[in-house]
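Below is data_28.pdb, which holds PDB, C-alpha atoms, pLDDT in the B column.
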```
ATOM      1  CA  MET O   1      49.966 122.745 -36.758  1.00 42.00           C
ATOM      2  CA  SER O   2      50.827 126.243 -37.878  1.00 45.00           C
ATOM      3  CA  THR O   3      48.884 126.124 -41.148  1.00 74.00           C
ATOM      4  CA  LYS O   4      45.765 124.050 -41.336  1.00 91.00           C
ATOM      5  CA  ALA O   5      46.111 121.159 -43.736  1.00 97.00           C
ATOM      6  CA  LYS O   6      42.864 120.447 -45.574  1.00 98.00           C
ATOM      7  CA  ILE O   7      40.957 117.178 -45.682  1.00 98.00           C
ATOM      8  CA  LEU O   8      38.367 116.790 -48.451  1.00 98.00           C
ATOM      9  CA  ILE O   9      35.126 115.043 -47.438  1.00 98.00           C
ATOM     10  CA  ILE O  10      33.035 113.721 -50.337  1.00 98.00           C
ATOM     11  CA  THR O  11      29.303 113.160 -49.881  1.00 98.00           C
ATOM     12  CA  GLY O  12      25.903 114.246 -51.172  1.00 98.00           C
ATOM     13  CA  ASP O  13      22.224 113.939 -50.378  1.00 98.00           C
ATOM     14  CA  ALA O  14      21.616 110.739 -48.391  1.00 97.00           C
ATOM     15  CA  GLY O  15      25.163 110.702 -47.029  1.00 98.00           C
ATOM     16  CA  GLU O  16      25.330 109.213 -43.526  1.00 98.00           C
ATOM     17  CA  SER O  17      24.810 111.977 -40.914  1.00 97.00           C
ATOM     18  CA  TYR O  18      26.983 110.591 -38.158  1.00 97.00           C
ATOM     19  CA  GLU O  19      29.838 109.735 -40.508  1.00 98.00           C
ATOM     20  CA  CYS O  20      29.744 113.280 -41.921  1.00 98.00           C
ATOM     21  CA  LEU O  21      29.520 115.224 -38.689  1.00 98.00           C
ATOM     22  CA  TYR O  22      31.926 113.008 -36.771  1.00 98.00           C
ATOM     23  CA  ALA O  23      34.537 113.370 -39.523  1.00 98.00           C
ATOM     24  CA  LYS O  24      34.137 117.141 -39.774  1.00 98.00           C
ATOM     25  CA  HIS O  25      34.380 117.646 -36.027  1.00 98.00           C
ATOM     26  CA  ARG O  26      37.149 115.105 -35.460  1.00 98.00           C
ATOM     27  CA  PHE O  27      39.382 116.595 -38.166  1.00 98.00           C
ATOM     28  CA  GLU O  28      38.784 120.131 -36.914  1.00 97.00           C
ATOM     29  CA  GLU O  29      39.422 119.073 -33.317  1.00 97.00           C
ATOM     30  CA  ALA O  30      42.818 117.757 -34.463  1.00 97.00           C
ATOM     31  CA  GLY O  31      43.686 121.042 -36.205  1.00 97.00           C
ATOM     32  CA  TYR O  32      42.810 120.189 -39.802  1.00 98.00           C
ATOM     33  CA  GLN O  33      40.408 122.092 -42.017  1.00 98.00           C
ATOM     34  CA  SER O  34      37.610 119.861 -43.268  1.00 98.00           C
ATOM     35  CA  VAL O  35      36.012 120.790 -46.581  1.00 98.00           C
ATOM     36  CA  ILE O  36      32.751 119.091 -47.546  1.00 98.00           C
ATOM     37  CA  ALA O  37      32.332 118.665 -51.294  1.00 98.00           C
ATOM     38  CA  ALA O  38      29.064 117.646 -52.967  1.00 98.00           C
ATOM     39  CA  PRO O  39      27.556 117.731 -56.469  1.00 98.00           C
ATOM     40  CA  SER O  40      26.720 121.399 -55.849  1.00 98.00           C
ATOM     41  CA  LYS O  41      27.209 123.895 -53.047  1.00 98.00           C
ATOM     42  CA  LYS O  42      23.958 123.548 -51.147  1.00 97.00           C
ATOM     43  CA  ARG O  43      22.225 122.338 -48.019  1.00 98.00           C
ATOM     44  CA  MET O  44      22.248 118.539 -48.153  1.00 97.00           C
ATOM     45  CA  ASN O  45      19.754 116.131 -46.651  1.00 97.00           C
ATOM     46  CA  LEU O  46      21.742 113.501 -44.793  1.00 97.00           C
ATOM     47  CA  VAL O  47      20.375 110.218 -43.445  1.00 97.00           C
ATOM     48  CA  ILE O  48      20.767 108.029 -40.395  1.00 95.00           C
ATOM     49  CA  HIS O  49      21.440 104.353 -40.972  1.00 93.00           C
ATOM     50  CA  ASP O  50      20.765 102.296 -37.883  1.00 90.00           C
ATOM     51  CA  PHE O  51      20.339  98.695 -36.915  1.00 87.00           C
ATOM     52  CA  GLU O  52      17.009  97.601 -35.435  1.00 92.00           C
ATOM     53  CA  PRO O  53      16.288  94.279 -33.734  1.00 94.00           C
ATOM     54  CA  GLY O  54      14.379  91.948 -36.028  1.00 94.00           C
ATOM     55  CA  TRP O  55      15.525  93.633 -39.260  1.00 93.00           C
ATOM     56  CA  ASP O  56      17.822  91.767 -41.637  1.00 90.00           C
ATOM     57  CA  THR O  57      19.544  94.986 -42.746  1.00 88.00           C
ATOM     58  CA  TYR O  58      19.855  98.580 -41.592  1.00 88.00           C
ATOM     59  CA  ILE O  59      16.979 101.043 -41.616  1.00 91.00           C
ATOM     60  CA  GLU O  60      17.141 104.601 -42.886  1.00 93.00           C
ATOM     61  CA  LYS O  61      15.756 107.707 -41.191  1.00 95.00           C
ATOM     62  CA  PRO O  62      16.071 111.387 -42.113  1.00 94.00           C
ATOM     63  CA  GLY O  63      19.236 112.894 -40.639  1.00 95.00           C
ATOM     64  CA  TYR O  64      20.787 116.317 -40.228  1.00 96.00           C
ATOM     65  CA  LEU O  65      20.913 119.048 -42.842  1.00 97.00           C
ATOM     66  CA  VAL O  66      24.522 119.987 -43.647  1.00 97.00           C
ATOM     67  CA  GLU O  67      25.896 122.681 -45.946  1.00 98.00           C
ATOM     68  CA  SER O  68      28.488 121.623 -48.469  1.00 98.00           C
ATOM     69  CA  ASP O  69      31.453 123.979 -48.680  1.00 98.00           C
ATOM     70  CA  ILE O  70      32.178 123.482 -52.370  1.00 98.00           C
ATOM     71  CA  ALA O  71      30.943 121.685 -55.471  1.00 98.00           C
ATOM     72  CA  PHE O  72      32.959 118.843 -56.996  1.00 98.00           C
ATOM     73  CA  SER O  73      33.726 121.109 -59.962  1.00 98.00           C
ATOM     74  CA  GLU O  74      35.629 123.451 -57.596  1.00 98.00           C
ATOM     75  CA  VAL O  75      37.905 120.780 -56.105  1.00 98.00           C
ATOM     76  CA  ASN O  76      41.637 121.168 -56.707  1.00 98.00           C
ATOM     77  CA  THR O  77      43.191 118.001 -55.282  1.00 98.00           C
ATOM     78  CA  GLN O  78      46.536 119.778 -54.802  1.00 98.00           C
ATOM     79  CA  ASP O  79      44.920 121.749 -51.951  1.00 98.00           C
ATOM     80  CA  TYR O  80      44.280 118.635 -49.839  1.00 98.00           C
ATOM     81  CA  LEU O  81      46.289 116.197 -47.765  1.00 98.00           C
ATOM     82  CA  ALA O  82      43.653 113.447 -47.982  1.00 98.00           C
ATOM     83  CA  VAL O  83      40.159 112.581 -49.137  1.00 98.00           C
ATOM     84  CA  LEU O  84      37.411 110.857 -47.147  1.00 98.00           C
ATOM     85  CA  LEU O  85      34.577 109.021 -48.907  1.00 98.00           C
ATOM     86  CA  LEU O  86      31.540 108.783 -46.648  1.00 98.00           C
ATOM     87  CA  GLY O  87      28.876 106.109 -46.600  1.00 97.00           C
ATOM     88  CA  GLY O  88      25.123 106.302 -46.579  1.00 97.00           C
ATOM     89  CA  ARG O  89      23.312 106.059 -49.893  1.00 96.00           C
ATOM     90  CA  ALA O  90      25.197 108.962 -51.496  1.00 98.00           C
ATOM     91  CA  PRO O  91      27.949 106.716 -52.949  1.00 98.00           C
ATOM     92  CA  GLU O  92      25.230 104.825 -54.814  1.00 97.00           C
ATOM     93  CA  PHE O  93      24.801 107.805 -57.168  1.00 97.00           C
ATOM     94  CA  LEU O  94      28.193 109.496 -56.700  1.00 98.00           C
ATOM     95  CA  ARG O  95      29.969 106.466 -58.173  1.00 98.00           C
ATOM     96  CA  HIS O  96      28.409 107.476 -61.500  1.00 98.00           C
ATOM     97  CA  ASP O  97      29.758 111.038 -61.304  1.00 98.00           C
ATOM     98  CA  ALA O  98      32.811 111.313 -63.598  1.00 98.00           C
ATOM     99  CA  LYS O  99      34.187 114.297 -61.646  1.00 98.00           C
ATOM    100  CA  VAL O 100      34.103 112.347 -58.353  1.00 98.00           C
ATOM    101  CA  LEU O 101      35.909 109.429 -59.960  1.00 98.00           C
ATOM    102  CA  ASP O 102      38.524 111.801 -61.415  1.00 98.00           C
ATOM    103  CA  ILE O 103      39.052 113.430 -58.008  1.00 98.00           C
ATOM    104  CA  VAL O 104      39.646 110.103 -56.284  1.00 98.00           C
ATOM    105  CA  ARG O 105      41.946 108.885 -59.058  1.00 98.00           C
ATOM    106  CA  GLU O 106      43.985 112.103 -58.745  1.00 98.00           C
ATOM    107  CA  PHE O 107      44.445 111.499 -55.011  1.00 98.00           C
ATOM    108  CA  ASP O 108      45.680 108.009 -55.857  1.00 98.00           C
ATOM    109  CA  ARG O 109      48.016 109.193 -58.634  1.00 98.00           C
ATOM    110  CA  ASP O 110      49.476 111.844 -56.328  1.00 98.00           C
ATOM    111  CA  ASP O 111      50.149 109.272 -53.569  1.00 98.00           C
ATOM    112  CA  LYS O 112      47.794 111.017 -51.131  1.00 98.00           C
ATOM    113  CA  TYR O 113      45.729 109.362 -48.427  1.00 98.00           C
ATOM    114  CA  ILE O 114      42.354 107.915 -49.346  1.00 98.00           C
ATOM    115  CA  PHE O 115      39.962 107.125 -46.513  1.00 98.00           C
ATOM    116  CA  SER O 116      36.663 105.317 -47.067  1.00 98.00           C
ATOM    117  CA  ILE O 117      33.990 104.186 -44.662  1.00 98.00           C
ATOM    118  CA  CYS O 118      30.916 102.005 -45.116  1.00 97.00           C
ATOM    119  CA  HIS O 119      29.390 102.396 -48.622  1.00 98.00           C
ATOM    120  CA  GLY O 120      32.099 104.908 -49.600  1.00 98.00           C
ATOM    121  CA  ILE O 121      33.901 101.890 -51.031  1.00 98.00           C
ATOM    122  CA  GLN O 122      31.446 101.980 -53.942  1.00 98.00           C
ATOM    123  CA  ILE O 123      33.232 105.074 -55.229  1.00 98.00           C
ATOM    124  CA  LEU O 124      36.613 103.333 -55.003  1.00 98.00           C
ATOM    125  CA  THR O 125      35.323 100.272 -56.852  1.00 98.00           C
ATOM    126  CA  ALA O 126      33.815 102.428 -59.612  1.00 98.00           C
ATOM    127  CA  ALA O 127      37.093 104.356 -59.901  1.00 98.00           C
ATOM    128  CA  GLY O 128      38.964 101.076 -60.416  1.00 98.00           C
ATOM    129  CA  LEU O 129      41.111 101.535 -57.309  1.00 98.00           C
ATOM    130  CA  VAL O 130      40.525  98.381 -55.234  1.00 98.00           C
ATOM    131  CA  LYS O 131      42.281  95.718 -57.326  1.00 98.00           C
ATOM    132  CA  GLY O 132      45.016  94.062 -55.276  1.00 98.00           C
ATOM    133  CA  LYS O 133      44.115  95.979 -52.108  1.00 98.00           C
ATOM    134  CA  THR O 134      43.024  94.626 -48.728  1.00 98.00           C
ATOM    135  CA  LEU O 135      39.962  96.568 -47.574  1.00 98.00           C
ATOM    136  CA  THR O 136      36.882  96.531 -45.421  1.00 98.00           C
ATOM    137  CA  CYS O 137      33.465  98.154 -45.809  1.00 98.00           C
ATOM    138  CA  TYR O 138      29.843  97.527 -44.926  1.00 96.00           C
ATOM    139  CA  GLU O 139      29.454  93.754 -45.312  1.00 94.00           C
ATOM    140  CA  ASN O 140      26.710  94.004 -47.929  1.00 94.00           C
ATOM    141  CA  VAL O 141      29.020  95.745 -50.417  1.00 95.00           C
ATOM    142  CA  ARG O 142      31.682  93.085 -49.986  1.00 97.00           C
ATOM    143  CA  PHE O 143      30.638  91.614 -53.347  1.00 97.00           C
ATOM    144  CA  GLU O 144      31.628  94.823 -55.149  1.00 97.00           C
ATOM    145  CA  VAL O 145      35.093  94.826 -53.548  1.00 98.00           C
ATOM    146  CA  GLU O 146      35.727  91.190 -54.405  1.00 98.00           C
ATOM    147  CA  SER O 147      34.277  91.505 -57.927  1.00 98.00           C
ATOM    148  CA  CYS O 148      36.679  94.365 -58.607  1.00 98.00           C
ATOM    149  CA  GLY O 149      39.750  92.440 -57.438  1.00 98.00           C
ATOM    150  CA  GLY O 150      40.039  93.605 -53.840  1.00 98.00           C
ATOM    151  CA  THR O 151      40.343  91.430 -50.748  1.00 98.00           C
ATOM    152  CA  PHE O 152      37.572  92.010 -48.182  1.00 98.00           C
ATOM    153  CA  VAL O 153      38.448  91.683 -44.489  1.00 97.00           C
ATOM    154  CA  GLY O 154      35.355  91.257 -42.337  1.00 94.00           C
ATOM    155  CA  LYS O 155      36.969  90.545 -38.985  1.00 95.00           C
ATOM    156  CA  SER O 156      38.444  94.050 -38.583  1.00 95.00           C
ATOM    157  CA  GLU O 157      36.474  97.255 -38.033  1.00 97.00           C
ATOM    158  CA  ALA O 158      39.150  99.153 -39.984  1.00 98.00           C
ATOM    159  CA  VAL O 159      41.978  98.166 -42.318  1.00 98.00           C
ATOM    160  CA  LYS O 160      45.049 100.042 -43.574  1.00 98.00           C
ATOM    161  CA  ASP O 161      46.648  99.091 -46.878  1.00 98.00           C
ATOM    162  CA  GLY O 162      49.346 101.572 -47.837  1.00 98.00           C
ATOM    163  CA  ARG O 163      47.752 105.009 -48.226  1.00 98.00           C
ATOM    164  CA  TYR O 164      44.233 103.548 -47.983  1.00 98.00           C
ATOM    165  CA  VAL O 165      42.256 103.272 -44.741  1.00 98.00           C
ATOM    166  CA  THR O 166      38.820 101.676 -44.872  1.00 98.00           C
ATOM    167  CA  GLY O 167      36.174 101.131 -42.198  1.00 98.00           C
ATOM    168  CA  GLN O 168      33.009  99.089 -41.992  1.00 98.00           C
ATOM    169  CA  THR O 169      30.386 101.461 -40.532  1.00 95.00           C
ATOM    170  CA  TRP O 170      30.019 104.437 -38.192  1.00 95.00           C
ATOM    171  CA  GLN O 171      30.362 101.878 -35.413  1.00 95.00           C
ATOM    172  CA  SER O 172      33.974 101.484 -36.599  1.00 97.00           C
ATOM    173  CA  HIS O 173      34.897 105.119 -35.872  1.00 98.00           C
ATOM    174  CA  PRO O 174      37.309 104.397 -32.972  1.00 98.00           C
ATOM    175  CA  ASP O 175      39.393 101.905 -34.975  1.00 98.00           C
ATOM    176  CA  PHE O 176      38.998 103.785 -38.262  1.00 98.00           C
ATOM    177  CA  TYR O 177      40.073 107.186 -36.952  1.00 98.00           C
ATOM    178  CA  ARG O 178      42.936 105.679 -34.971  1.00 98.00           C
ATOM    179  CA  LEU O 179      44.365 104.473 -38.310  1.00 98.00           C
ATOM    180  CA  VAL O 180      43.451 107.717 -40.118  1.00 98.00           C
ATOM    181  CA  PHE O 181      45.350 109.812 -37.600  1.00 98.00           C
ATOM    182  CA  GLU O 182      48.335 107.444 -37.607  1.00 97.00           C
ATOM    183  CA  CYS O 183      48.550 108.251 -41.333  1.00 97.00           C
ATOM    184  CA  LEU O 184      48.015 111.995 -41.013  1.00 97.00           C
ATOM    185  CA  GLN O 185      50.369 112.477 -38.102  1.00 93.00           C
ATOM    186  CA  GLY O 186      52.977 109.894 -39.129  1.00 82.00           C
TER     187      GLY O 186
END
```
For the file at hand, write its structure as structure tokens.
Amino acid sequence: MSTKAKILIITGDAGESYECLYAKHRFEEAGYQSVIAAPSKKRMNLVIHDFEPGWDTYIEKPGYLVESDIAFSEVNTQDYLAVLLLGGRAPEFLRHDAKVLDIVREFDRDDKYIFSICHGIQILTAAGLVKGKTLTCYENVRFEVESCGGTFVGKSEAVKDGRYVTGQTWQSHPDFYRLVFECLQG
């Protein structure tokens, strides 16, 4: 690409480390400019969610420290081709941030791509954007998707519904990013 199209990555403290770094590197490898937005421009404390034998759910460990490029208040959605909502615990509090919800709704109104992985779906549900859509996410937030009128698909690591691509967890990266790049390059 001659000019680098920008992809907005939304996260905050307790965002999932691997989902953040993989996205940033994968987009940049493909020639896009990734821009990480957070509540403020700062060094964020990311986490690692992993699955341990004998545990009924994932465990959380401290992850990498990552600098956000901009604050949510600085986001101009017209500058971006797509938005990616990361998982981890960050969506738990970001879904209550009116600016984040406005950003995601603007991407939807402007018919731009919206990508969400793992718990990132919590932002889409809070923004009122899952009704009538077929989606996937981490299985334990399935209830939120279904309660908000979406259809949860558990048998697929990643699902595309129009301009939306959703993935279950960081383990879904191969299927998820295959669909993401079909959208971006199609």
Closest atom pairs, range 50-107 of chain O residues within 12 Å of range 135-156 of chain O, only C-alpha atoms, as JSON lines:
```
{"residue": "O:Asp56", "atom": "CA", "partner": "O:Asn140", "partner_atom": "CA", "distance": 11.1}
{"residue": "O:Thr57", "atom": "CA", "partner": "O:Asn140", "partner_atom": "CA", "distance": 8.9}
{"residue": "O:Tyr58", "atom": "CA", "partner": "O:Asn140", "partner_atom": "CA", "distance": 10.4}
{"residue": "O:Leu85", "atom": "CA", "partner": "O:Cys137", "partner_atom": "CA", "distance": 11.4}
{"residue": "O:Leu86", "atom": "CA", "partner": "O:Cys137", "partner_atom": "CA", "distance": 10.8}
{"residue": "O:Gly87", "atom": "CA", "partner": "O:Tyr138", "partner_atom": "CA", "distance": 8.8}
{"residue": "O:Gly88", "atom": "CA", "partner": "O:Tyr138", "partner_atom": "CA", "distance": 10.1}
{"residue": "O:Arg89", "atom": "CA", "partner": "O:Val141", "partner_atom": "CA", "distance": 11.8}
{"residue": "O:Pro91", "atom": "CA", "partner": "O:Val141", "partner_atom": "CA", "distance": 11.3}
{"residue": "O:Glu92", "atom": "CA", "partner": "O:Val141", "partner_atom": "CA", "distance": 10.8}
```
**Report entry** Atom pair CA of Leu84 in chain O / CA of Ala37 in chain O: separation (Å)
**Finding:**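 Those two atoms sit 10.2 Å apart.
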Query raised in the report: Quick one: residues within 9 Å of Thr169 in chain O, only C-alpha atoms counted, chain neighbours fewer than 3 positions away excluded, as a PyMOL selection string?
Result: chain O and resi 19+87+117-119+137-138+157+172-173
Query raised in the report: Looking at O:Glu67, O:Asp108, O:Asp97, O:Asp102, which one is nearest to Leu46 in chain O, with distances taken over only C-alpha atoms?
Result: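 Once distances to Leu46 in chain O are computed over only C-alpha atoms, the minimum belongs to O:Glu67.
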Requested in this report: Could you check which of O:Thr77, O:Gln122, O:Asp161, O:Ile59 is closest to His96 in chain O, using all atoms listed in the file?
Outcome: O:Gln122
**Report entry** Picked residues, the PyMOL selection byres ((chain O and resi 21) around 12), as a PyMOL selection string
**Finding:** chain O and resi 9+11+15-20+22-29+34-36+46-48+63-68+86+170+173
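The two atoms in question, CA of Val100 in chain O and CA of Lys41 in chain O, are spaced 14.5 Å apart.
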Report task. Would you list the residues near (28.4, 122.6, -58.9), meaning any protein, DNA or RNA residue with an atom at most 8 Å from that point in file coordinates, counting only C-alpha atoms, as a ChimeraX atom specification? Result -> /O:38-41,70-74
Query raised in the report: How many Å separate CA of Val165 in chain O from CA of Asn45 in chain O?
Result: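 Pair CA of Val165 in chain O / CA of Asn45 in chain O returns 26.0 Å.
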Report task. Find the spatial neighbours of Phe181 in chain O, counting only C-alpha atoms, within a cut-off of 12 Å - ignore same-chain residues fewer than 2 positions away - and output them as a PyMOL selection string. Result -> chain O and resi 7+23+26-27+29-32+82+113+115+160+163+165+173-179+183-186
Applied to the shown file, which residues does the PyMOL selection byres ((chain O and resi 124) around 9) return, written as a compact mmCIF listing (two decimals) with C-alpha atoms, in the coordinates of the input?
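Wrote expr20.txt, looks like this:
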```
# COMPACT_ATOMS: atom_id res chain seq x y z
CA LEU O 85 34.58 109.02 -48.91
CA ARG O 95 29.97 106.47 -58.17
CA LEU O 101 35.91 109.43 -59.96
CA VAL O 104 39.65 110.10 -56.28
CA ARG O 105 41.95 108.88 -59.06
CA SER O 116 36.66 105.32 -47.07
CA GLY O 120 32.10 104.91 -49.60
CA ILE O 121 33.90 101.89 -51.03
CA GLN O 122 31.45 101.98 -53.94
CA ILE O 123 33.23 105.07 -55.23
CA THR O 125 35.32 100.27 -56.85
CA ALA O 126 33.82 102.43 -59.61
CA ALA O 127 37.09 104.36 -59.90
CA GLY O 128 38.96 101.08 -60.42
CA LEU O 129 41.11 101.54 -57.31
CA VAL O 130 40.52 98.38 -55.23
CA VAL O 145 35.09 94.83 -53.55
```
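Of the residues listed (O:Leu81, O:Gly132, O:Pro62, O:Gln33), O:Leu81 shows the shortest atom-to-atom separation from Lys112 in chain O; distances use only C-alpha atoms.
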